[in-house]
>>> print(open('final-v6.cif').read())   # mmCIF, C-alpha atoms
data_upload
loop_
_atom_site.label_atom_id
_atom_site.label_comp_id
_atom_site.auth_asym_id
_atom_site.auth_seq_id
_atom_site.Cartn_x
_atom_site.Cartn_y
_atom_site.Cartn_z
CA MET E 88 53.42 61.15 93.74
CA ILE E 89 56.31 58.70 93.96
CA ALA E 90 59.08 59.90 96.21
CA PHE E 91 62.48 60.28 94.58
CA ASP E 92 64.47 60.72 97.78
CA ALA E 93 67.09 58.26 96.54
CA CYS E 94 67.86 60.45 93.51
CA ARG E 95 70.83 62.80 93.75
CA SER E 96 70.16 64.95 90.71
CA ILE E 97 67.74 65.71 87.89
CA LEU E 98 68.90 65.17 84.32
CA CYS E 99 66.87 66.85 81.60
CA LEU E 100 66.83 65.49 78.08
CA ASP E 101 65.63 67.43 75.04
CA GLY E 102 62.08 66.04 75.06
CA ASP E 103 58.86 66.98 76.83
CA LEU E 104 59.67 68.50 80.22
CA PRO E 105 57.46 68.92 83.29
CA GLY E 106 56.28 72.43 84.13
CA ALA E 107 58.37 74.97 86.02
CA GLU E 108 56.58 74.16 89.29
CA PHE E 109 58.04 70.66 89.23
CA PHE E 110 61.62 71.97 89.17
CA GLN E 111 60.86 74.70 91.70
CA ALA E 112 59.55 72.11 94.17
CA THR E 113 62.80 70.17 94.35
CA HIS E 114 66.17 70.97 95.88
CA LEU E 115 68.04 68.55 93.64
CA PRO E 116 70.70 69.97 91.30
CA ILE E 117 69.42 70.22 87.73
CA PHE E 118 71.55 69.29 84.72
CA ALA E 119 70.76 69.57 81.02
CA ALA E 120 71.83 67.36 78.15
CA ASP E 121 72.65 69.88 75.40
CA GLY E 122 69.45 71.34 73.87
CA ALA E 123 67.38 70.59 76.96
CA ALA E 124 68.86 73.79 78.39
CA ASN E 125 66.88 75.81 75.82
CA LYS E 126 63.63 74.39 77.19
CA LEU E 127 64.65 74.83 80.80
CA MET E 128 65.53 78.47 80.26
CA ALA E 129 62.16 79.01 78.56
CA LEU E 130 60.66 77.87 81.89
CA ASN E 131 62.96 80.29 83.77
CA ILE E 132 64.86 77.33 85.21
CA THR E 133 68.65 77.62 85.03
CA PRO E 134 70.53 74.32 84.88
CA GLN E 135 73.61 73.94 87.04
CA LEU E 136 75.50 72.64 84.00
CA THR E 137 74.76 71.84 80.36
CA ILE E 138 76.64 68.82 79.03
CA GLY E 139 77.17 67.47 75.51
CA ASP E 140 78.53 68.40 72.12
CA LEU E 141 76.43 71.59 72.50
CA ASP E 142 75.27 71.65 68.88
CA GLY E 143 71.66 71.98 70.04
CA LEU E 144 72.24 74.77 72.57
CA HIS E 145 71.23 78.26 71.46
CA PRO E 146 74.41 80.32 70.88
CA ALA E 147 73.27 83.11 73.20
CA LEU E 148 72.70 80.60 76.01
CA ARG E 149 76.02 78.93 75.36
CA ALA E 150 77.70 82.20 76.16
CA GLU E 151 75.56 82.67 79.27
CA LEU E 152 75.37 79.22 80.90
CA PRO E 153 78.00 76.97 82.49
CA THR E 154 78.70 74.22 79.96
CA LEU E 155 80.81 71.11 79.57
CA HIS E 156 81.71 70.53 75.94
CA VAL E 157 82.17 66.83 75.19
CA PRO E 158 82.70 66.49 71.41
CA ASP E 159 83.09 62.68 71.37
CA GLN E 160 80.74 61.35 68.68
CA ASN E 161 80.88 57.76 69.92
CA SER E 162 78.29 58.58 72.58
CA ASN E 163 75.23 60.80 72.63
CA ASP E 164 74.46 63.69 74.95
CA PHE E 165 72.44 61.51 77.34
CA GLN E 166 75.40 59.17 77.77
CA LYS E 167 77.83 62.07 78.15
CA ALA E 168 75.69 63.60 80.87
CA LEU E 169 75.37 60.28 82.69
CA ALA E 170 79.14 59.82 82.60
CA TYR E 171 79.63 63.25 84.17
CA LEU E 172 77.04 62.62 86.88
CA GLU E 173 78.65 59.28 87.70
CA LYS E 174 82.04 60.93 88.17
CA GLN E 175 80.45 63.52 90.45
CA ASP E 176 78.62 60.85 92.50
CA LEU E 177 75.27 62.32 91.42
CA LEU E 178 73.60 59.07 90.39
CA PRO E 179 70.97 57.81 90.50
CA ALA E 180 69.31 60.70 88.71
CA LEU E 181 65.70 61.47 87.98
CA ILE E 182 65.47 61.55 84.18
CA VAL E 183 62.97 63.92 82.58
CA GLY E 184 62.45 64.79 78.92
CA LEU E 185 62.99 61.20 77.83
CA ASN E 186 59.82 61.20 75.74
CA GLY E 187 58.69 63.61 73.03
CA GLY E 188 60.13 64.16 69.60
CA PHE E 189 61.09 61.51 67.07
CA LEU E 190 60.25 57.90 67.85
CA ASP E 191 63.78 56.63 67.23
CA HIS E 192 65.13 59.18 69.72
CA ILE E 193 62.61 58.07 72.33
CA LEU E 194 63.49 54.42 71.84
CA ASN E 195 67.21 55.15 72.04
CA ASN E 196 66.72 57.20 75.21
CA MET E 197 64.73 54.36 76.75
CA ASN E 198 67.42 51.87 75.72
CA ILE E 199 70.02 53.92 77.60
CA PHE E 200 67.74 54.54 80.58
CA LEU E 201 67.21 50.80 81.09
CA THR E 202 70.92 50.37 81.90
CA THR E 203 71.21 53.18 84.44
CA GLY E 204 69.43 52.37 87.70
CA CYS E 205 67.85 55.83 87.50
CA MET E 206 64.19 56.82 87.71
CA LEU E 207 62.17 58.53 85.00
CA TYR E 208 59.36 61.03 85.13
CA ALA E 209 57.32 61.56 81.97
CA PRO E 210 54.12 63.15 83.27
CA PRO E 211 51.84 61.54 84.22
CA ILE E 212 54.11 58.48 84.47
CA TRP E 213 56.91 57.56 86.85
CA GLY E 214 59.14 54.64 86.03
CA PHE E 215 62.03 52.49 87.13
CA VAL E 216 63.60 49.13 86.34
CA LEU E 217 63.11 46.24 88.75
CA ARG E 218 66.02 43.86 88.27
CA GLU E 219 66.44 40.14 88.79
CA GLY E 220 66.30 39.22 92.47
CA GLU E 221 64.79 42.56 93.52
CA THR E 222 61.54 43.18 95.39
CA LYS E 223 59.86 46.54 95.94
CA GLU E 224 56.81 47.57 97.91
CA LEU E 225 54.87 50.48 96.44
CA SER E 226 52.51 52.55 98.58
CA LEU E 227 49.79 53.51 96.10
CA PRO E 228 46.27 54.88 96.22
CA ILE E 229 43.88 52.04 95.44
CA ASN E 230 43.07 51.81 91.72
CA THR E 231 46.33 53.41 90.63
CA LYS E 232 47.14 52.42 87.06
CA LEU E 233 50.49 50.78 86.39
CA SER E 234 52.16 48.75 83.67
CA LEU E 235 54.94 46.19 83.72
CA LEU E 236 57.01 45.09 80.73
CA GLY E 237 59.77 42.52 80.48
CA ILE E 238 62.89 44.12 79.01
CA PRO E 239 63.46 41.93 77.07
CA LYS E 240 61.92 39.37 79.42
CA ALA E 241 61.14 38.96 83.10
CA ARG E 242 59.40 36.59 85.49
CA VAL E 243 57.31 38.58 87.92
CA ASP E 244 55.28 37.92 91.06
CA SER E 245 52.89 40.45 92.55
CA CYS E 246 50.66 40.98 95.54
CA GLY E 247 48.05 43.72 95.57
CA LEU E 248 47.19 44.04 91.87
CA LYS E 249 43.79 43.62 90.24
CA TRP E 250 45.29 41.06 87.88
CA GLU E 251 47.89 39.30 90.01
CA LEU E 252 51.09 37.96 88.49
CA SER E 253 52.41 34.59 89.62
CA ASP E 254 55.71 33.54 88.08
CA TYR E 255 54.39 35.41 85.05
CA LEU E 256 56.72 35.52 82.08
CA MET E 257 56.66 38.88 80.34
CA GLN E 258 58.51 39.51 77.08
CA PHE E 259 59.00 42.45 74.76
CA PRO E 260 57.70 41.80 72.20
CA GLY E 261 55.17 39.42 73.71
CA ALA E 262 53.11 39.26 76.89
CA THR E 263 53.02 42.32 79.15
CA SER E 264 50.92 43.56 82.06
CA CYS E 265 49.80 46.94 80.75
CA PHE E 266 47.13 49.01 82.48
CA ASN E 267 46.93 46.87 85.58
CA ARG E 268 45.48 48.41 88.76
CA SER E 269 46.42 48.45 92.42
CA GLN E 270 43.83 46.83 94.67
CA GLN E 271 45.63 47.29 97.99
CA GLU E 272 47.39 50.28 99.55
CA VAL E 273 50.70 48.43 99.31
CA VAL E 274 51.66 46.58 96.14
CA LYS E 275 54.57 44.14 96.26
CA LEU E 276 56.48 43.32 93.07
CA SER E 277 59.27 40.76 92.73
CA VAL E 278 61.39 39.78 89.74
CA THR E 279 62.91 36.32 89.81
CA GLN E 280 64.37 36.41 86.31
CA GLY E 281 65.35 39.18 83.92
CA ASN E 282 64.44 42.86 84.20
CA ALA E 283 61.02 44.52 84.34
CA LEU E 284 60.20 48.10 83.44
CA VAL E 285 57.63 49.43 85.92
CA LEU E 286 55.55 52.45 84.86
CA ILE E 287 53.18 54.04 87.38
CA TYR E 288 50.65 56.75 86.65
CA ASP E 289 51.04 59.83 88.86
CA GLY E 290 48.85 59.93 91.93
CA SER E 291 50.69 57.33 93.95
CA GLU E 292 51.95 58.35 97.37
CA GLY E 293 55.41 56.91 97.73
CA LEU E 294 58.03 54.34 97.01
CA ALA E 295 58.91 52.23 100.03
CA ASN E 296 62.33 50.77 100.70
CA PRO E 297 63.01 47.30 99.26
#
>>> encode(input="final-v6.cif", output="structure tokens")
Amino acid sequence: MIAFDACRSILCLDGDLPGAEFFQATHLPIFAADGAANKLMALNITPQLTIGDLDGLHPALRAELPTLHVPDQNSNDFQKALAYLEKQDLLPALIVGLNGGFLDHILNNMNIFLTTGCMLYAPPIWGFVLREGETKELSLPINTKLSLLGIPKARVDSCGLKWELSDYLMQFPGATSCFNRSQQEVVKLSVTQGNALVLIYDGSEGLANP
């Protein structure tokens, strides 16, 4: 499992959430973007605060839970929640519930996520954005599956993958490195141009410091 020690909070979106045991195993404060609170409460997990225009929150829960009503229609509930967490110095957050539901919602959530510097967890996948000039070393069990995509493009170098990348230009749409595999216990990834979305299948052991 990738460590998320750098994260200061968990933000739940109204998609597919991990099981209750995931939330019970962390001491991070948990926040819900509007209707995500319905799903959290069904897992017997109470969010610290529910944020958004609150049109998706069950009326009975709205009366029961702490909420922050942000009616502004120029941003969605994900953006409203991120703005609140930023003001409270609770970023970066671990984003869950990004996937699930309508495809356009998923794509829009991903579009917002890519700008945040947060991490995502969509079981069985962890993810983060590696930005231009950044290098990360990932401690992974050998043969861990991972994918890299240029968003919208990135030049990537790697050390420790089955199919190594050397100044490899990835573009979306275009060339990617989906379903690659770790071949060493430590995988090193560097981006020299653009931004790369890194998705790692659960089972890895940790995320080392850059």
>>> resolve_selection(input="final-v6.cif", expression="the PyMOL selection byres ((chain E and resi 234-238) around 6)", output="ChimeraX atom specification")
/E:233,239-241,257-259,263-267,282-286
>>> resolve_selection(input="final-v6.cif", expression="the PyMOL selection byres ((chain E and resi 268-280) around 6)", output="ChimeraX atom specification")
/E:219-232,241-249,267,281
>>> axis_aligned_box(input="final-v6.cif", around="segment 189-202 of chain E", padding_each_side="5 Å", output="lines of an AutoDock Vina configuration file")
center_x = 65.6
center_y = 55.9
center_z = 74.5
size_x = 20.7
size_y = 21.1
size_z = 24.8
>>> closest_residue(input="final-v6.cif", among="E:Ala170, E:Ile287, E:Leu217, E:Leu177", to="Cys94 of chain E", atoms="all atoms listed in the file")
E:Leu177
>>> resolve_selection(input="final-v6.cif", expression="the PyMOL selection byres ((chain E and resi 130) around 10)", output="list in words")
Leu104, Pro105, Gly106, Ala107, Glu108, Phe110, Ala124, Asn125, Lys126, Leu127, Met128, Ala129, Asn131, Ile132 and Thr133 of chain E
>>> atom_distance(input="final-v6.cif", atom1="atom CA of Thr203 of chain E", atom2="atom CA of Phe215 of chain E")
9.6 Å
>>> atom_distance(input="final-v6.cif", atom1="atom CA of Leu169 of chain E", atom2="atom CA of Ala147 of chain E")
24.8 Å
>>> atom_distance(input="final-v6.cif", atom1="atom CA of Ala112 of chain E", atom2="atom CA of Val183 of chain E")
14.6 Å
>>> residues_around(input="final-v6.cif", residues="Ile193 of chain E", least_positions_apart="2", cutoff="12 Å", atoms="only C-alpha atoms", output="JSON, numbers by chain")
{"E": [100, 101, 102, 103, 165, 183, 184, 185, 186, 187, 188, 189, 190, 191, 195, 196, 197, 198, 199, 200, 209]}
>>> decode(input="final-v6.cif", residues="segment 188-225 of chain E", atoms="C-alpha atoms", output="PDB file, in the first residue's frame")
ATOM      1  CA  GLY E 188     -21.096   7.076 -11.911  1.00  0.00           C
ATOM      2  CA  PHE E 189     -21.439   8.912 -15.203  1.00  0.00           C
ATOM      3  CA  LEU E 190     -18.416   9.083 -17.479  1.00  0.00           C
ATOM      4  CA  ASP E 191     -18.569  12.869 -17.892  1.00  0.00           C
ATOM      5  CA  HIS E 192     -18.524  13.274 -14.102  1.00  0.00           C
ATOM      6  CA  ILE E 193     -15.480  11.015 -13.827  1.00  0.00           C
ATOM      7  CA  LEU E 194     -13.633  12.929 -16.527  1.00  0.00           C
ATOM      8  CA  ASN E 195     -14.480  16.263 -14.924  1.00  0.00           C
ATOM      9  CA  ASN E 196     -13.339  15.015 -11.520  1.00  0.00           C
ATOM     10  CA  MET E 197     -10.069  13.829 -13.044  1.00  0.00           C
ATOM     11  CA  ASN E 198      -9.633  17.176 -14.802  1.00  0.00           C
ATOM     12  CA  ILE E 199      -9.900  18.959 -11.451  1.00  0.00           C
ATOM     13  CA  PHE E 200      -7.722  16.409  -9.648  1.00  0.00           C
ATOM     14  CA  LEU E 201      -4.867  16.942 -12.105  1.00  0.00           C
ATOM     15  CA  THR E 202      -4.507  20.564 -10.939  1.00  0.00           C
ATOM     16  CA  THR E 203      -4.436  19.873  -7.203  1.00  0.00           C
ATOM     17  CA  GLY E 204      -1.198  18.198  -6.105  1.00  0.00           C
ATOM     18  CA  CYS E 205      -3.348  15.715  -4.173  1.00  0.00           C
ATOM     19  CA  MET E 206      -3.302  11.917  -4.263  1.00  0.00           C
ATOM     20  CA  LEU E 207      -6.155   9.665  -5.336  1.00  0.00           C
ATOM     21  CA  TYR E 208      -7.267   6.251  -4.188  1.00  0.00           C
ATOM     22  CA  ALA E 209      -9.697   4.352  -6.398  1.00  0.00           C
ATOM     23  CA  PRO E 210      -9.284   0.752  -5.236  1.00  0.00           C
ATOM     24  CA  PRO E 211      -7.211  -1.023  -6.346  1.00  0.00           C
ATOM     25  CA  ILE E 212      -5.386   2.004  -7.782  1.00  0.00           C
ATOM     26  CA  TRP E 213      -3.396   4.797  -6.169  1.00  0.00           C
ATOM     27  CA  GLY E 214      -2.457   7.814  -8.213  1.00  0.00           C
ATOM     28  CA  PHE E 215      -0.664  11.125  -8.282  1.00  0.00           C
ATOM     29  CA  VAL E 216       0.671  13.635 -10.793  1.00  0.00           C
ATOM     30  CA  LEU E 217       4.414  13.838 -11.400  1.00  0.00           C
ATOM     31  CA  ARG E 218       5.169  17.330 -12.668  1.00  0.00           C
ATOM     32  CA  GLU E 219       7.885  18.766 -14.869  1.00  0.00           C
ATOM     33  CA  GLY E 220      11.267  18.662 -13.151  1.00  0.00           C
ATOM     34  CA  GLU E 221      10.134  16.196 -10.475  1.00  0.00           C
ATOM     35  CA  THR E 222      11.610  12.791  -9.650  1.00  0.00           C
ATOM     36  CA  LYS E 223      10.108  10.189  -7.321  1.00  0.00           C
ATOM     37  CA  GLU E 224      11.361   6.857  -6.079  1.00  0.00           C
ATOM     38  CA  LEU E 225       8.662   4.260  -5.462  1.00  0.00           C
TER      39      LEU E 225
END
